[in-house]
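Encoded as structure tokens, the structure appears first; notes follow it.
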Amino acid sequence: MEPHVVRISIAPVKSLGLVHPEEVELEQGGVRGNRRFWLVDERGRLLNNKRNGPMVRVSSEWDEDTRELALVFPDGRRVEGVVELGDAVDTEMYGHPHPSRRVLGPWEDALAHHVGRRLTLLWAESHASDRGFRGGTVSLVSRASLERLRQEAGVEKPVDGRRFRMLFEIDGVGAHEEDDWLGTQVRIGAATIVLNGDVGRCLVTSHDPDRGVTDLDTLGVLAKYRRQGRNEPLPFGVYGSVVVPGRVRVGDPVHALGAASLAAT
């Protein structure tokens with residue numbers, strides 16, 4: 001079976017529920033509109049799924065052209081409108097400056113009511129990616145790696161790739177074969193990416209992707225058979241950046257071009 005894309009996952013609002021488009025446009029900075037927004041608490045600290053897993057039950061819809069944002073809550077409430085931006089906010093993400101502006105409108109009150117604490121919704125001038133400062137604007141993991149994790153965990157139910165929140169899920173390669181592509185270019189659909197590192201995992205991956213509650217000890221399993229990666233501990237999946245922009249669709253082929261391709265660009 002030829003390697004190909006089987007799922008695309010984005011999140012217009014970082015840490016909220018994933019959206020699964022059939023196709024995306026990869027630009028130099030990643031998928032347009034992906035992780036455009038992020039949330040901080042009263043102290044200006046990133047509020048993510050590690051601190052509030054059930055936030056994944058809130059879904060978001062975002063149109064980068066019309067600037068219309070909608071949040072849909074588990075009870076069916078829909079809060080929507082056209083985004084207007086307030087003042088610039090001096091804040092950091094994982095210790096690195098992340099220029100952002102406050103979002104004006106009804107969404108903060110709705111989120112505070114749902115989460116039970118005051119939050120600030122921010123517009124990121126660049127994508128709110130965890131590893132953006134390292135050249136991590138795209139990510140991928142293989143179905144075979146997910147199957148290997150299931151085997152190591154000793155569970156019967158397939159491990160849902162959504163818990164790892166990767167941009168691309170691919171099939172047609174061996175377990176952790178994507179690790180062998182680090183430092184090389186990969187053609188995916190009409191785009192080309194370069195893979196820069198492996199993704200060390202955190203508590204979020206132990207959560208059920210629909211409910212946001214712990215149901216699988218992913219970190220314990222990874223500690224037994226994948227304790228240290230090339231870049232980070234407990235690696236699962238890889239990240240990279242866009243070399244050649246282009247459209248990527250579900251079903252598109254994925255080709256590793258090899259290290260020699262780097263010298264040719």
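Each chain of the structure tokens is named A, B, ... in the order shown, its residues numbered from 1; ligands are numbered from 1 in display order.
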
Practice task
Might you pull out every residue within 8 Å of segment 47-59 of chain A, with only C-alpha atoms counted and same-chain residues fewer than 6 positions away left off, and present them as a list in words?
Solution key: Lys14, Ser15, Leu16, Gly17, Leu18, Val19, Leu39, Val40, Asp41, Leu71, Val72, Phe73, Pro74, Val115, Cys202, Leu203, Val204, His207, Pro209, Asp210, Arg211, Gly212 and Val213 of chain A

Exercise for the section: Name all residues at most 12 Å from Gly154 of chain A (count only C-alpha atoms; drop same-chain ones fewer than 3 positions away) and give them as a list in words. Expected result: Glu147, Arg148, Leu149, Arg150, Gln151, Lys157, Pro158, Val159, Leu216, Asp217, Thr218 and Val221 of chain A

Handout entry: All strand (DSSP E) positions in segment 108-227 of chain A, as a VMD selection string
Key = chain A and resid 120 to 124 138 to 142 168 to 171 185 to 188 191 to 200

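Put simply, atom CA of Gln228 of chain A is 26.2 Å away from atom CA of Val254 of chain A.
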
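If you measure from each of A:Arg247, A:His96, A:His4, A:Arg143 to Leu26 of chain A using only C-alpha atoms, the closest one turns out to be A:Arg247.
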
Handout entry: Nearest to Asp180 of chain A by atom-to-atom distance, counting only C-alpha atoms, from A:Gly229, A:Gly44, A:Gly220, A:Gly251
Key =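 That would be A:Gly229, the residue with the smallest distance to Asp180 of chain A.
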
Exercise for the section: Provide the atom CA of Val141 of chain A to atom CA of Asp160 of chain A distance in Å, to one decimal place. Expected result: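 Here the two named atoms are 11.5 Å from each other.
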
Practice task
Choose the residue, out of A:Glu156, A:Glu23, A:Asp65, A:Glu232, that has the smallest atom-to-atom separation from Val248 of chain A; count only C-alpha atoms.
Solution key: A:Glu23

Exercise for the section: Considering only C-alpha atoms, state which residue in the set A:Ser142, A:Ser60, A:Asn196, A:Ser241 is at the smallest distance from Phe168 of chain A. Expected result: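 When distances to Phe168 of chain A are compared using only C-alpha atoms, the smallest one comes from A:Ser142.
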
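Distances from A:Gly105, A:Arg45, A:Val244, A:Ala11 to Glu25 of chain A were compared using only C-alpha atoms, and the smallest one belongs to A:Val244.
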
Problem - Spatial neighbours of Ile10 of chain A, 8 Å, only C-alpha atoms, chain gap at least 6 places, as a PyMOL selection string - result: chain A and resi 18-21+34-35+165-167

File of the preceding selection, all heavy atoms, as a PDB file, in the first residue's frame:
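Result went into out_28.pdb, see below:
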```
ATOM      1  N   LEU A  18     -10.876  19.233  17.917  1.00  0.00           N
ATOM      2  CA  LEU A  18     -10.273  19.183  16.592  1.00  0.00           C
ATOM      3  C   LEU A  18     -11.317  19.255  15.485  1.00  0.00           C
ATOM      4  O   LEU A  18     -12.465  18.843  15.658  1.00  0.00           O
ATOM      5  CB  LEU A  18      -9.465  17.892  16.429  1.00  0.00           C
ATOM      6  CG  LEU A  18      -8.225  17.747  17.307  1.00  0.00           C
ATOM      7  CD1 LEU A  18      -7.663  16.333  17.180  1.00  0.00           C
ATOM      8  CD2 LEU A  18      -7.162  18.782  16.960  1.00  0.00           C
ATOM      9  N   VAL A  19     -10.891  19.778  14.345  1.00  0.00           N
ATOM     10  CA  VAL A  19     -11.688  19.820  13.129  1.00  0.00           C
ATOM     11  C   VAL A  19     -10.962  18.984  12.084  1.00  0.00           C
ATOM     12  O   VAL A  19      -9.724  18.992  12.030  1.00  0.00           O
ATOM     13  CB  VAL A  19     -11.851  21.278  12.635  1.00  0.00           C
ATOM     14  CG1 VAL A  19     -12.674  21.326  11.357  1.00  0.00           C
ATOM     15  CG2 VAL A  19     -12.480  22.138  13.720  1.00  0.00           C
ATOM     16  N   HIS A  20     -11.718  18.264  11.250  1.00  0.00           N
ATOM     17  CA  HIS A  20     -11.100  17.340  10.301  1.00  0.00           C
ATOM     18  C   HIS A  20     -11.514  17.668   8.860  1.00  0.00           C
ATOM     19  O   HIS A  20     -12.396  17.019   8.295  1.00  0.00           O
ATOM     20  CB  HIS A  20     -11.477  15.905  10.651  1.00  0.00           C
ATOM     21  CG  HIS A  20     -11.114  15.517  12.042  1.00  0.00           C
ATOM     22  ND1 HIS A  20      -9.810  15.332  12.437  1.00  0.00           N
ATOM     23  CD2 HIS A  20     -11.883  15.326  13.144  1.00  0.00           C
ATOM     24  CE1 HIS A  20      -9.783  15.022  13.723  1.00  0.00           C
ATOM     25  NE2 HIS A  20     -11.020  15.022  14.171  1.00  0.00           N
ATOM     26  N   PRO A  21     -10.860  18.650   8.259  1.00  0.00           N
ATOM     27  CA  PRO A  21     -11.178  18.988   6.866  1.00  0.00           C
ATOM     28  C   PRO A  21     -10.680  17.914   5.909  1.00  0.00           C
ATOM     29  O   PRO A  21      -9.755  17.161   6.218  1.00  0.00           O
ATOM     30  CB  PRO A  21     -10.436  20.310   6.650  1.00  0.00           C
ATOM     31  CG  PRO A  21      -9.284  20.241   7.606  1.00  0.00           C
ATOM     32  CD  PRO A  21      -9.797  19.506   8.808  1.00  0.00           C
ATOM     33  N   ASN A  34      -5.012  27.612  11.213  1.00  0.00           N
ATOM     34  CA  ASN A  34      -4.856  26.600  12.257  1.00  0.00           C
ATOM     35  C   ASN A  34      -4.212  27.211  13.501  1.00  0.00           C
ATOM     36  O   ASN A  34      -3.206  27.919  13.393  1.00  0.00           O
ATOM     37  CB  ASN A  34      -3.995  25.447  11.739  1.00  0.00           C
ATOM     38  CG  ASN A  34      -3.923  24.293  12.710  1.00  0.00           C
ATOM     39  OD1 ASN A  34      -4.853  24.052  13.484  1.00  0.00           O
ATOM     40  ND2 ASN A  34      -2.830  23.561  12.668  1.00  0.00           N
ATOM     41  N   ARG A  35      -4.790  26.963  14.667  1.00  0.00           N
ATOM     42  CA  ARG A  35      -4.292  27.514  15.930  1.00  0.00           C
ATOM     43  C   ARG A  35      -4.118  29.034  15.848  1.00  0.00           C
ATOM     44  O   ARG A  35      -3.147  29.589  16.340  1.00  0.00           O
ATOM     45  CB  ARG A  35      -2.993  26.821  16.339  1.00  0.00           C
ATOM     46  CG  ARG A  35      -3.176  25.316  16.487  1.00  0.00           C
ATOM     47  CD  ARG A  35      -1.980  24.639  17.090  1.00  0.00           C
ATOM     48  NE  ARG A  35      -2.222  23.200  17.198  1.00  0.00           N
ATOM     49  CZ  ARG A  35      -1.442  22.352  17.835  1.00  0.00           C
ATOM     50  NH1 ARG A  35      -0.337  22.802  18.421  1.00  0.00           N
ATOM     51  NH2 ARG A  35      -1.721  21.066  17.893  1.00  0.00           N
ATOM     52  N   ARG A 165      -3.171  14.828  18.477  1.00  0.00           N
ATOM     53  CA  ARG A 165      -3.425  16.141  17.878  1.00  0.00           C
ATOM     54  C   ARG A 165      -2.399  16.499  16.793  1.00  0.00           C
ATOM     55  O   ARG A 165      -1.896  17.624  16.732  1.00  0.00           O
ATOM     56  CB  ARG A 165      -3.489  17.226  18.966  1.00  0.00           C
ATOM     57  CG  ARG A 165      -4.592  16.971  19.989  1.00  0.00           C
ATOM     58  CD  ARG A 165      -4.654  18.048  21.047  1.00  0.00           C
ATOM     59  NE  ARG A 165      -5.169  19.297  20.543  1.00  0.00           N
ATOM     60  CZ  ARG A 165      -6.459  19.644  20.491  1.00  0.00           C
ATOM     61  NH1 ARG A 165      -7.398  18.786  20.901  1.00  0.00           N
ATOM     62  NH2 ARG A 165      -6.830  20.825  20.033  1.00  0.00           N
ATOM     63  N   MET A 166      -2.102  15.536  15.930  1.00  0.00           N
ATOM     64  CA  MET A 166      -1.166  15.753  14.834  1.00  0.00           C
ATOM     65  C   MET A 166      -1.906  16.279  13.610  1.00  0.00           C
ATOM     66  O   MET A 166      -3.065  15.932  13.366  1.00  0.00           O
ATOM     67  CB  MET A 166      -0.447  14.450  14.487  1.00  0.00           C
ATOM     68  CG  MET A 166       0.247  13.801  15.682  1.00  0.00           C
ATOM     69  SD  MET A 166       1.571  14.832  16.336  1.00  0.00           S
ATOM     70  CE  MET A 166       2.956  14.212  15.399  1.00  0.00           C
ATOM     71  N   LEU A 167      -1.210  17.073  12.813  1.00  0.00           N
ATOM     72  CA  LEU A 167      -1.829  17.640  11.618  1.00  0.00           C
ATOM     73  C   LEU A 167      -2.184  16.546  10.620  1.00  0.00           C
ATOM     74  O   LEU A 167      -3.305  16.509  10.100  1.00  0.00           O
ATOM     75  CB  LEU A 167      -0.881  18.664  10.982  1.00  0.00           C
ATOM     76  CG  LEU A 167      -1.346  19.308   9.679  1.00  0.00           C
ATOM     77  CD1 LEU A 167      -2.687  20.021   9.852  1.00  0.00           C
ATOM     78  CD2 LEU A 167      -0.289  20.261   9.151  1.00  0.00           C
TER      79      LEU A 167
END
```

Exercise for the section: Identify, on the basis of only C-alpha atoms, every residue whose closest approach to Glu22 of chain A does not exceed 7 Å; exclude the query and any residue fewer than 2 positions from it along the same chain; express the result as a ChimeraX atom specification. Expected result: /A:8,20,249-250

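Distance check against Pro3 of chain A using only C-alpha atoms: of A:Gly86, A:Pro253, A:Gly197, A:Gly30, the minimum falls on A:Pro253.
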
Exercise for the section: Write out as a PyMOL selection string the residues lying within 9 Å of segment 97-100 of chain A, counting only C-alpha atoms and excluding same-chain residues fewer than 2 positions away. Expected result: chain A and resi 37+87-95+102+122-126+128
